[in-house]
Every structure is written in C-alpha cells, then in structure tokens.
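S.K.: One file: query32.txt (compact mmCIF, N, CA and C atoms).
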# COMPACT_ATOMS: atom_id res chain seq x y z
N MET A 1 25.95 164.53 147.66
CA MET A 1 26.58 165.65 147.01
C MET A 1 27.86 165.18 146.31
N VAL A 2 28.24 165.86 145.27
CA VAL A 2 29.43 165.53 144.51
C VAL A 2 30.56 166.46 144.94
N LYS A 3 31.73 165.87 145.19
CA LYS A 3 32.92 166.63 145.58
C LYS A 3 34.00 166.40 144.54
N ILE A 4 34.77 167.44 144.26
CA ILE A 4 35.82 167.38 143.25
C ILE A 4 37.19 167.37 143.92
N ILE A 5 38.06 166.53 143.39
CA ILE A 5 39.47 166.53 143.78
C ILE A 5 40.27 166.86 142.53
N ALA A 6 41.20 167.79 142.66
CA ALA A 6 42.11 168.14 141.56
C ALA A 6 43.52 168.12 142.12
N ASP A 7 44.49 168.39 141.26
CA ASP A 7 45.86 168.48 141.76
C ASP A 7 46.53 169.73 141.21
N THR A 8 47.74 169.93 141.65
CA THR A 8 48.44 171.17 141.34
C THR A 8 48.80 171.32 139.87
N THR A 9 48.69 170.26 139.06
CA THR A 9 48.93 170.43 137.63
C THR A 9 47.81 171.21 136.97
N SER A 10 46.73 171.49 137.69
CA SER A 10 45.64 172.30 137.16
C SER A 10 45.98 173.78 137.15
N CYS A 11 47.10 174.13 137.77
CA CYS A 11 47.56 175.52 137.83
C CYS A 11 46.62 176.45 138.59
N LEU A 12 45.71 175.89 139.36
CA LEU A 12 44.92 176.72 140.27
C LEU A 12 45.78 177.00 141.50
N SER A 13 45.64 178.17 142.06
CA SER A 13 46.35 178.43 143.31
C SER A 13 45.65 177.69 144.44
N ILE A 14 46.36 177.50 145.52
CA ILE A 14 45.75 176.86 146.70
C ILE A 14 44.55 177.67 147.15
N GLN A 15 44.67 178.98 147.09
CA GLN A 15 43.58 179.87 147.50
C GLN A 15 42.36 179.72 146.58
N ASP A 16 42.59 179.63 145.26
CA ASP A 16 41.47 179.45 144.34
C ASP A 16 40.79 178.11 144.55
N ALA A 17 41.57 177.05 144.75
CA ALA A 17 40.97 175.73 145.00
C ALA A 17 40.12 175.78 146.27
N ALA A 18 40.64 176.41 147.31
CA ALA A 18 39.88 176.52 148.57
C ALA A 18 38.60 177.32 148.36
N ARG A 19 38.69 178.42 147.63
CA ARG A 19 37.52 179.26 147.36
C ARG A 19 36.46 178.48 146.60
N LEU A 20 36.90 177.63 145.68
CA LEU A 20 35.98 176.81 144.90
C LEU A 20 35.43 175.61 145.68
N GLY A 21 36.08 175.28 146.79
CA GLY A 21 35.68 174.09 147.54
C GLY A 21 36.17 172.81 146.90
N VAL A 22 37.29 172.91 146.19
CA VAL A 22 37.89 171.76 145.51
C VAL A 22 39.02 171.22 146.39
N TYR A 23 39.01 169.93 146.63
CA TYR A 23 40.11 169.30 147.37
C TYR A 23 41.32 169.27 146.45
N TYR A 24 42.50 169.52 147.00
CA TYR A 24 43.69 169.77 146.19
C TYR A 24 44.83 168.87 146.62
N ILE A 25 45.40 168.14 145.67
CA ILE A 25 46.48 167.20 145.92
C ILE A 25 47.75 167.73 145.25
N PRO A 26 48.90 167.66 145.93
CA PRO A 26 50.13 168.16 145.31
C PRO A 26 50.81 167.12 144.42
N GLN A 27 51.53 167.60 143.44
CA GLN A 27 52.51 166.77 142.75
C GLN A 27 53.75 166.78 143.63
N ILE A 28 54.66 165.88 143.38
CA ILE A 28 55.88 165.76 144.18
C ILE A 28 57.07 166.13 143.29
N ILE A 29 57.93 167.00 143.80
CA ILE A 29 59.15 167.39 143.10
C ILE A 29 60.31 166.66 143.75
N VAL A 30 61.15 166.05 142.93
CA VAL A 30 62.30 165.28 143.42
C VAL A 30 63.56 165.96 142.90
N ILE A 31 64.43 166.35 143.84
CA ILE A 31 65.72 166.92 143.48
C ILE A 31 66.77 166.11 144.24
N GLY A 32 67.49 165.29 143.50
CA GLY A 32 68.46 164.39 144.14
C GLY A 32 67.72 163.41 145.03
N GLU A 33 68.06 163.42 146.31
CA GLU A 33 67.43 162.53 147.28
C GLU A 33 66.27 163.18 148.03
N LYS A 34 66.03 164.46 147.80
CA LYS A 34 65.00 165.19 148.54
C LYS A 34 63.72 165.29 147.74
N THR A 35 62.60 165.20 148.44
CA THR A 35 61.29 165.37 147.81
C THR A 35 60.58 166.55 148.45
N TYR A 36 59.77 167.22 147.63
CA TYR A 36 59.01 168.39 148.08
C TYR A 36 57.60 168.32 147.50
N ARG A 37 56.64 168.72 148.31
CA ARG A 37 55.27 168.90 147.82
C ARG A 37 55.25 170.23 147.08
N ASP A 38 54.60 170.27 145.93
CA ASP A 38 54.61 171.54 145.20
C ASP A 38 53.47 172.48 145.59
N ASP A 39 52.75 172.13 146.65
CA ASP A 39 51.71 173.05 147.12
C ASP A 39 52.18 173.89 148.30
N THR A 40 52.98 173.29 149.18
CA THR A 40 53.36 174.01 150.40
C THR A 40 54.87 174.05 150.64
N GLU A 41 55.62 173.15 150.03
CA GLU A 41 57.04 173.07 150.33
C GLU A 41 57.93 173.71 149.28
N MET A 42 57.39 173.92 148.08
CA MET A 42 58.20 174.54 147.04
C MET A 42 57.29 175.27 146.07
N ASP A 43 57.58 176.55 145.85
CA ASP A 43 56.83 177.31 144.87
C ASP A 43 57.65 177.43 143.58
N ALA A 44 57.09 178.06 142.57
CA ALA A 44 57.75 178.16 141.27
C ALA A 44 59.09 178.88 141.37
N ARG A 45 59.16 179.92 142.17
CA ARG A 45 60.41 180.67 142.31
C ARG A 45 61.52 179.79 142.88
N GLU A 46 61.20 179.04 143.92
CA GLU A 46 62.18 178.14 144.54
C GLU A 46 62.56 177.01 143.59
N PHE A 47 61.58 176.50 142.85
CA PHE A 47 61.85 175.45 141.87
C PHE A 47 62.88 175.93 140.86
N LEU A 48 62.69 177.14 140.33
CA LEU A 48 63.63 177.68 139.34
C LEU A 48 65.00 177.92 139.95
N ARG A 49 65.03 178.38 141.20
CA ARG A 49 66.31 178.60 141.88
C ARG A 49 67.06 177.28 142.03
N GLN A 50 66.35 176.25 142.45
CA GLN A 50 66.95 174.92 142.61
C GLN A 50 67.43 174.39 141.26
N GLN A 51 66.63 174.60 140.24
CA GLN A 51 66.99 174.11 138.91
C GLN A 51 68.28 174.76 138.41
N LYS A 52 68.43 176.05 138.68
CA LYS A 52 69.63 176.76 138.24
C LYS A 52 70.87 176.39 139.05
N SER A 53 70.69 176.12 140.34
CA SER A 53 71.84 175.91 141.22
C SER A 53 72.25 174.46 141.40
N SER A 54 71.38 173.54 141.05
CA SER A 54 71.67 172.13 141.28
C SER A 54 72.22 171.47 140.01
N PRO A 55 73.25 170.64 140.16
CA PRO A 55 73.74 169.90 138.99
C PRO A 55 72.78 168.78 138.57
N ILE A 56 71.82 168.48 139.45
CA ILE A 56 70.83 167.43 139.17
C ILE A 56 69.52 168.11 138.76
N LEU A 57 69.00 167.73 137.61
CA LEU A 57 67.74 168.31 137.17
C LEU A 57 66.59 167.78 138.02
N PRO A 58 65.66 168.64 138.37
CA PRO A 58 64.49 168.20 139.14
C PRO A 58 63.62 167.25 138.32
N LYS A 59 62.95 166.38 139.01
CA LYS A 59 61.98 165.47 138.41
C LYS A 59 60.67 165.66 139.16
N THR A 60 59.61 165.17 138.59
CA THR A 60 58.34 165.20 139.30
C THR A 60 57.83 163.77 139.46
N ALA A 61 57.00 163.60 140.44
CA ALA A 61 56.36 162.31 140.70
C ALA A 61 54.89 162.56 140.97
N ALA A 62 54.07 161.66 140.51
CA ALA A 62 52.63 161.77 140.74
C ALA A 62 52.34 161.60 142.23
N PRO A 63 51.24 162.17 142.68
CA PRO A 63 50.85 161.98 144.08
C PRO A 63 50.65 160.50 144.38
N PRO A 64 51.20 160.01 145.48
CA PRO A 64 50.99 158.60 145.81
C PRO A 64 49.55 158.37 146.28
N PRO A 65 49.08 157.13 146.18
CA PRO A 65 47.73 156.81 146.63
C PRO A 65 47.45 157.26 148.07
N ALA A 66 48.47 157.23 148.91
CA ALA A 66 48.28 157.60 150.32
C ALA A 66 47.80 159.04 150.50
N LEU A 67 48.05 159.91 149.54
CA LEU A 67 47.54 161.28 149.65
C LEU A 67 46.04 161.35 149.37
N TYR A 68 45.53 160.41 148.59
CA TYR A 68 44.10 160.39 148.29
C TYR A 68 43.28 159.74 149.39
N THR A 69 43.86 158.75 150.05
CA THR A 69 43.11 157.91 150.99
C THR A 69 42.35 158.71 152.06
N PRO A 70 42.98 159.64 152.80
CA PRO A 70 42.21 160.34 153.83
C PRO A 70 41.08 161.21 153.25
N ILE A 71 41.30 161.75 152.07
CA ILE A 71 40.25 162.56 151.45
C ILE A 71 39.10 161.66 151.00
N TYR A 72 39.42 160.54 150.35
CA TYR A 72 38.38 159.59 149.97
C TYR A 72 37.58 159.15 151.19
N LYS A 73 38.27 158.84 152.27
CA LYS A 73 37.60 158.38 153.49
C LYS A 73 36.65 159.44 154.01
N GLU A 74 37.16 160.65 154.16
CA GLU A 74 36.33 161.76 154.67
C GLU A 74 35.08 161.95 153.81
N LEU A 75 35.26 161.97 152.51
CA LEU A 75 34.13 162.27 151.61
C LEU A 75 33.16 161.11 151.48
N THR A 76 33.67 159.89 151.36
CA THR A 76 32.75 158.76 151.21
C THR A 76 32.05 158.43 152.52
N ASP A 77 32.73 158.62 153.65
CA ASP A 77 32.06 158.42 154.95
C ASP A 77 30.88 159.38 155.11
N ALA A 78 30.99 160.55 154.51
CA ALA A 78 29.91 161.54 154.56
C ALA A 78 28.86 161.31 153.47
N GLY A 79 29.05 160.25 152.66
CA GLY A 79 28.08 159.89 151.65
C GLY A 79 28.23 160.63 150.32
N HIS A 80 29.34 161.29 150.11
CA HIS A 80 29.54 162.05 148.88
C HIS A 80 30.03 161.17 147.73
N THR A 81 29.68 161.57 146.52
CA THR A 81 30.31 161.06 145.31
C THR A 81 31.59 161.84 145.13
N VAL A 82 32.66 161.16 144.72
CA VAL A 82 33.95 161.80 144.52
C VAL A 82 34.32 161.74 143.05
N ILE A 83 34.68 162.90 142.50
CA ILE A 83 35.18 162.96 141.13
C ILE A 83 36.59 163.52 141.19
N VAL A 84 37.55 162.73 140.71
CA VAL A 84 38.94 163.17 140.61
C VAL A 84 39.17 163.61 139.17
N LEU A 85 39.48 164.88 139.00
CA LEU A 85 39.79 165.42 137.68
C LEU A 85 41.31 165.43 137.56
N ALA A 86 41.84 164.43 136.89
CA ALA A 86 43.28 164.19 136.86
C ALA A 86 43.90 164.64 135.54
N PRO A 87 45.20 164.98 135.60
CA PRO A 87 45.90 165.33 134.37
C PRO A 87 46.05 164.10 133.47
N SER A 88 46.38 164.36 132.24
CA SER A 88 46.52 163.29 131.24
C SER A 88 47.41 162.15 131.73
N ALA A 89 46.90 160.95 131.58
CA ALA A 89 47.68 159.76 131.94
C ALA A 89 48.88 159.59 131.02
N GLN A 90 48.89 160.29 129.90
CA GLN A 90 50.03 160.21 128.97
C GLN A 90 51.25 160.94 129.52
N VAL A 91 51.05 161.87 130.45
CA VAL A 91 52.18 162.64 130.98
C VAL A 91 52.33 162.53 132.49
N SER A 92 51.40 161.87 133.15
CA SER A 92 51.44 161.80 134.61
C SER A 92 50.88 160.46 135.10
N GLY A 93 51.40 160.02 136.23
CA GLY A 93 50.89 158.81 136.88
C GLY A 93 49.77 159.11 137.86
N THR A 94 49.25 160.32 137.82
CA THR A 94 48.21 160.74 138.77
C THR A 94 46.96 159.89 138.66
N VAL A 95 46.52 159.60 137.45
CA VAL A 95 45.32 158.78 137.25
C VAL A 95 45.50 157.44 137.95
N ARG A 96 46.63 156.83 137.74
CA ARG A 96 46.89 155.51 138.32
C ARG A 96 46.90 155.58 139.85
N GLY A 97 47.56 156.58 140.41
CA GLY A 97 47.60 156.72 141.87
C GLY A 97 46.20 156.90 142.46
N ALA A 98 45.37 157.70 141.80
CA ALA A 98 44.00 157.92 142.27
C ALA A 98 43.17 156.65 142.16
N GLN A 99 43.39 155.88 141.08
CA GLN A 99 42.66 154.62 140.89
C GLN A 99 43.08 153.58 141.94
N VAL A 100 44.37 153.50 142.22
CA VAL A 100 44.86 152.54 143.21
C VAL A 100 44.24 152.86 144.58
N ALA A 101 44.23 154.14 144.94
CA ALA A 101 43.64 154.53 146.23
C ALA A 101 42.15 154.20 146.27
N ALA A 102 41.45 154.39 145.16
CA ALA A 102 40.01 154.12 145.11
C ALA A 102 39.69 152.65 145.34
N GLN A 103 40.63 151.76 145.02
CA GLN A 103 40.40 150.33 145.23
C GLN A 103 40.20 149.97 146.70
N ASP A 104 40.66 150.83 147.59
CA ASP A 104 40.48 150.60 149.02
C ASP A 104 39.08 150.98 149.50
N PHE A 105 38.23 151.44 148.58
CA PHE A 105 36.88 151.88 148.94
C PHE A 105 35.85 151.20 148.05
N PRO A 106 35.78 149.86 148.10
CA PRO A 106 34.83 149.15 147.24
C PRO A 106 33.39 149.57 147.56
N GLY A 107 32.63 149.72 146.51
CA GLY A 107 31.23 150.09 146.68
C GLY A 107 31.00 151.57 146.87
N LYS A 108 32.05 152.35 146.98
CA LYS A 108 31.92 153.80 147.13
C LYS A 108 31.97 154.43 145.74
N ASP A 109 31.30 155.55 145.59
CA ASP A 109 31.20 156.21 144.29
C ASP A 109 32.37 157.17 144.10
N ILE A 110 33.48 156.62 143.62
CA ILE A 110 34.69 157.40 143.34
C ILE A 110 34.97 157.24 141.86
N ARG A 111 35.02 158.37 141.15
CA ARG A 111 35.23 158.35 139.71
C ARG A 111 36.51 159.11 139.39
N VAL A 112 37.44 158.44 138.77
CA VAL A 112 38.71 159.04 138.37
C VAL A 112 38.63 159.34 136.88
N VAL A 113 38.74 160.60 136.53
CA VAL A 113 38.59 161.04 135.15
C VAL A 113 39.94 161.46 134.60
N ASP A 114 40.38 160.78 133.55
CA ASP A 114 41.57 161.21 132.82
C ASP A 114 41.12 162.31 131.88
N THR A 115 41.38 163.54 132.23
CA THR A 115 40.92 164.68 131.44
C THR A 115 41.70 164.83 130.14
N GLN A 116 42.84 164.15 130.03
CA GLN A 116 43.75 164.28 128.89
C GLN A 116 44.23 165.71 128.72
N LEU A 117 44.29 166.44 129.83
CA LEU A 117 44.72 167.83 129.85
C LEU A 117 45.72 168.06 130.97
N VAL A 118 46.45 169.16 130.89
CA VAL A 118 47.27 169.65 131.99
C VAL A 118 47.20 171.17 131.99
N ALA A 119 47.72 171.76 133.03
CA ALA A 119 47.88 173.20 133.15
C ALA A 119 46.54 173.94 133.03
N GLY A 120 46.53 175.01 132.26
CA GLY A 120 45.35 175.86 132.17
C GLY A 120 44.12 175.13 131.67
N GLY A 121 44.29 174.19 130.73
CA GLY A 121 43.15 173.42 130.25
C GLY A 121 42.50 172.60 131.35
N LEU A 122 43.33 171.96 132.16
CA LEU A 122 42.81 171.19 133.29
C LEU A 122 42.16 172.13 134.30
N GLY A 123 42.79 173.25 134.57
CA GLY A 123 42.21 174.23 135.50
C GLY A 123 40.84 174.70 135.05
N ALA A 124 40.70 174.95 133.73
CA ALA A 124 39.41 175.39 133.19
C ALA A 124 38.34 174.32 133.38
N VAL A 125 38.72 173.05 133.20
CA VAL A 125 37.77 171.94 133.40
C VAL A 125 37.35 171.87 134.87
N VAL A 126 38.29 172.04 135.79
CA VAL A 126 37.97 172.01 137.22
C VAL A 126 36.98 173.13 137.55
N ILE A 127 37.25 174.32 137.06
CA ILE A 127 36.36 175.46 137.33
C ILE A 127 34.98 175.22 136.73
N LYS A 128 34.92 174.74 135.51
CA LYS A 128 33.63 174.49 134.85
C LYS A 128 32.86 173.38 135.57
N ALA A 129 33.54 172.33 135.99
CA ALA A 129 32.87 171.25 136.73
C ALA A 129 32.25 171.78 138.02
N LYS A 130 32.97 172.64 138.70
CA LYS A 130 32.43 173.22 139.94
C LYS A 130 31.21 174.08 139.63
N GLU A 131 31.26 174.84 138.53
CA GLU A 131 30.09 175.64 138.13
C GLU A 131 28.88 174.75 137.89
N TRP A 132 29.09 173.62 137.20
CA TRP A 132 27.99 172.70 136.95
C TRP A 132 27.41 172.17 138.24
N LEU A 133 28.28 171.85 139.19
CA LEU A 133 27.79 171.32 140.47
C LEU A 133 26.98 172.37 141.22
N ILE A 134 27.41 173.60 141.15
CA ILE A 134 26.67 174.68 141.80
C ILE A 134 25.28 174.80 141.20
N ARG A 135 25.17 174.54 139.92
CA ARG A 135 23.87 174.61 139.23
C ARG A 135 23.07 173.32 139.38
N ALA A 136 23.49 172.47 140.32
CA ALA A 136 22.78 171.23 140.66
C ALA A 136 22.85 170.18 139.56
N TRP A 137 23.90 170.23 138.74
CA TRP A 137 24.11 169.19 137.74
C TRP A 137 24.43 167.89 138.47
N LYS A 138 23.84 166.82 138.01
CA LYS A 138 24.06 165.52 138.63
C LYS A 138 24.72 164.59 137.61
N PRO A 139 25.83 163.93 137.98
CA PRO A 139 26.44 162.97 137.05
C PRO A 139 25.52 161.76 136.89
N MET A 140 25.55 161.18 135.72
CA MET A 140 24.73 160.00 135.46
C MET A 140 25.65 158.81 135.27
N LYS A 141 25.27 157.69 135.81
CA LYS A 141 26.02 156.46 135.63
C LYS A 141 25.66 155.86 134.28
N SER A 142 26.66 155.36 133.61
CA SER A 142 26.41 154.67 132.35
C SER A 142 26.64 153.18 132.55
N SER A 143 26.18 152.39 131.63
CA SER A 143 26.30 150.94 131.78
C SER A 143 27.75 150.47 131.70
N ASN A 144 28.62 151.24 131.04
CA ASN A 144 30.02 150.83 130.92
C ASN A 144 30.92 151.48 131.98
N GLY A 145 30.34 152.18 132.94
CA GLY A 145 31.11 152.74 134.03
C GLY A 145 31.73 154.10 133.76
N TYR A 146 31.50 154.63 132.56
CA TYR A 146 32.07 155.94 132.25
C TYR A 146 31.12 157.03 132.67
N TRP A 147 31.70 158.15 132.97
CA TRP A 147 30.95 159.33 133.38
C TRP A 147 30.37 159.98 132.13
N LYS A 148 29.10 160.30 132.15
CA LYS A 148 28.52 160.97 130.98
C LYS A 148 27.70 162.16 131.41
Represent the structure of the file as structure tokens.

M.R.:
Amino acid sequence: MVKIIADTTSCLSIQDAARLGVYYIPQIIVIGEKTYRDDTEMDAREFLRQQKSSPILPKTAAPPPALYTPIYKELTDAGHTVIVLAPSAQVSGTVRGAQVAAQDFPGKDIRVVDTQLVAGGLGAVVIKAKEWLIRAWKPMKSSNGYWK
C-alpha cells in the first residue's frame, strides 16, 4: 500500500491530515534561542503575537531528518511505499531533510517529491494524491527513478 507524508506548509489542519490518513510533519519556528513545532506548540495566533512582541523576527526551519525516521521505519517495516509530498525546494529545506532520512532505508520504496508548491497548492496536491490512492491508483517506477 502507498502512504503519504506531508508537512504543515500544505496548510491542512492536523485534523484534516488525520481524517485523510496522511502522516504529518511540522515545520520548525525559531524565535531567538527557542524553537517551536508549528503543529502542536505554536498556532498562527501565537506566531503573530510573538512576531508583534519580539524584537527578533521569527524564522522557520525545515523538519530535520530525525522527524521522518520513525515514520519511515513504521511504514517500510509494514511493507508500504512512502511518498513524501514536500514543499518547493526553492523555498524550503524540507525536500533535503526527507531525502537525507530516506538514505537510512536502502532498498525501501521511499519517494520524495518536490511539488514546487507551498500552501494551498501543496494542500490541493496532497488531497488529490489521497483521492487517487483511494481509487487504487498505483505509482509506476520509471527507468530514471522519477515518479510518473
């Protein structure tokens, strides 16, 4: 079976990701010396409050490979194909983090897709991919390793 991993840049709520059966990885928000997961430790309202009250502008960081590892292990141990639908590598290091984590699983079917999208566009791709999987769509391997 094929399983999808997305992250919070897809703008899906945690509840929507759970309802879809999509594994969900947070982006990391950095304010000064403190870091926060943007799925459970800081919501948009708190982010804006921090931004207004702090002399230091918040930054974001891509999910580290360590956040992918337990999910990859769980899914590949169960024999699943893993597809990571990641935000554009032009604006995020998420693709790289997912690829680095996948290197720890040689021979396992883990595909990291740079969707070249963020926000609602990425969310729409995640939802559509899940719809295709429900309809028993099967990814095909190509000779050059790309998903087609």

S.K.: If DSSP is run on the backbone, what residues of region 18-142 of chain A are strand (DSSP E)? A reply as a ChimeraX atom specification would be ideal.

M.R.: /A:23-25,28-31,34-37,59-61,81-86,110-114

S.K.: For Ile29 (chain A), which residue out of A:Thr60, A:Gln99, A:Thr94, A:Thr8 is the nearest one, using all atoms listed in the file?

M.R.: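 Result for the nearest residue to Ile29 (chain A): A:Thr60.
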
S.K.: For Asp114 (chain A), which residue out of A:Ala89, A:Ala44, A:Tyr23, A:Tyr68 is the nearest one, using only N, CA and C atoms?

M.R.: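 Comparing A:Ala89, A:Ala44, A:Tyr23, A:Tyr68 against Asp114 (chain A), the winner is A:Ala89.
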
S.K.: Go through A:Val22, A:Ala101, A:Ala61, A:Ile56 one by one, measure the shortest atom-to-atom distance of each to Lys73 (chain A) using only C-alpha atoms, and give the residue with the smallest value.

M.R.: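 Smallest distance to Lys73 (chain A) is found for A:Ala101.
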
S.K.: Report, as AutoDock Vina command-line options, the axis-aligned box around all atoms of region 81-85 of chain A present in the file, extended by 6 Å on each side; give centre and edge lengths in Å to one decimal place.

M.R.:
--center_x 35.5 --center_y 163.2 --center_z 142.0 --size_x 23.6 --size_y 16.4 --size_z 21.0

S.K.: Could you add whatever atoms are missing so that region 24-34 of chain A carries all heavy atoms, then write the result as a compact mmCIF listing (two decimals), in the coordinates of the input?

M.R.:
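Output below, filename result-v3.txt:
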# COMPACT_ATOMS: atom_id res chain seq x y z
N TYR A 24 42.50 169.52 147.00
CA TYR A 24 43.69 169.77 146.19
C TYR A 24 44.83 168.87 146.62
O TYR A 24 45.20 168.84 147.79
CB TYR A 24 44.07 171.23 146.38
CG TYR A 24 44.67 171.92 145.18
CD1 TYR A 24 44.17 171.75 143.90
CD2 TYR A 24 45.73 172.79 145.36
CE1 TYR A 24 44.71 172.41 142.83
CE2 TYR A 24 46.28 173.47 144.28
CZ TYR A 24 45.76 173.28 143.02
OH TYR A 24 46.31 173.93 141.96
N ILE A 25 45.40 168.14 145.67
CA ILE A 25 46.48 167.20 145.92
C ILE A 25 47.75 167.73 145.25
O ILE A 25 47.70 168.16 144.11
CB ILE A 25 46.14 165.81 145.31
CG1 ILE A 25 44.84 165.25 145.87
CG2 ILE A 25 47.29 164.84 145.44
CD1 ILE A 25 44.95 164.63 147.22
N PRO A 26 48.90 167.66 145.93
CA PRO A 26 50.13 168.16 145.31
C PRO A 26 50.81 167.12 144.42
O PRO A 26 50.68 165.92 144.64
CB PRO A 26 51.03 168.46 146.51
CG PRO A 26 50.63 167.40 147.50
CD PRO A 26 49.12 167.26 147.32
N GLN A 27 51.53 167.60 143.44
CA GLN A 27 52.51 166.77 142.75
C GLN A 27 53.75 166.78 143.63
O GLN A 27 53.88 167.61 144.54
CB GLN A 27 52.83 167.36 141.37
CG GLN A 27 51.67 167.27 140.39
CD GLN A 27 51.42 165.86 139.90
OE1 GLN A 27 52.32 165.18 139.46
NE2 GLN A 27 50.16 165.42 139.96
N ILE A 28 54.66 165.88 143.38
CA ILE A 28 55.88 165.76 144.18
C ILE A 28 57.07 166.13 143.29
O ILE A 28 57.19 165.64 142.17
CB ILE A 28 56.05 164.33 144.73
CG1 ILE A 28 54.78 163.87 145.47
CG2 ILE A 28 57.29 164.22 145.60
CD1 ILE A 28 54.38 164.72 146.67
N ILE A 29 57.93 167.00 143.80
CA ILE A 29 59.15 167.39 143.10
C ILE A 29 60.31 166.66 143.75
O ILE A 29 60.43 166.64 144.98
CB ILE A 29 59.36 168.91 143.15
CG1 ILE A 29 58.20 169.62 142.45
CG2 ILE A 29 60.70 169.29 142.51
CD1 ILE A 29 58.19 171.11 142.63
N VAL A 30 61.15 166.05 142.93
CA VAL A 30 62.30 165.28 143.42
C VAL A 30 63.56 165.96 142.90
O VAL A 30 63.74 166.11 141.68
CB VAL A 30 62.25 163.82 142.94
CG1 VAL A 30 63.43 163.03 143.48
CG2 VAL A 30 60.93 163.17 143.32
N ILE A 31 64.43 166.35 143.84
CA ILE A 31 65.72 166.92 143.48
C ILE A 31 66.77 166.11 144.24
O ILE A 31 66.87 166.20 145.46
CB ILE A 31 65.83 168.41 143.84
CG1 ILE A 31 64.73 169.20 143.10
CG2 ILE A 31 67.22 168.95 143.49
CD1 ILE A 31 64.65 170.66 143.46
N GLY A 32 67.49 165.29 143.50
CA GLY A 32 68.46 164.39 144.14
C GLY A 32 67.72 163.41 145.03
O GLY A 32 66.83 162.70 144.58
N GLU A 33 68.06 163.42 146.31
CA GLU A 33 67.43 162.53 147.28
C GLU A 33 66.27 163.18 148.03
O GLU A 33 65.61 162.53 148.83
CB GLU A 33 68.49 162.04 148.30
CG GLU A 33 69.62 161.24 147.68
CD GLU A 33 69.15 159.92 147.10
OE1 GLU A 33 68.31 159.25 147.74
OE2 GLU A 33 69.61 159.56 146.00
N LYS A 34 66.03 164.46 147.80
CA LYS A 34 65.00 165.19 148.54
C LYS A 34 63.72 165.29 147.74
O LYS A 34 63.74 165.45 146.51
CB LYS A 34 65.49 166.59 148.90
CG LYS A 34 66.63 166.59 149.88
CD LYS A 34 66.95 168.00 150.31
CE LYS A 34 68.06 167.99 151.35
NZ LYS A 34 68.37 169.33 151.81
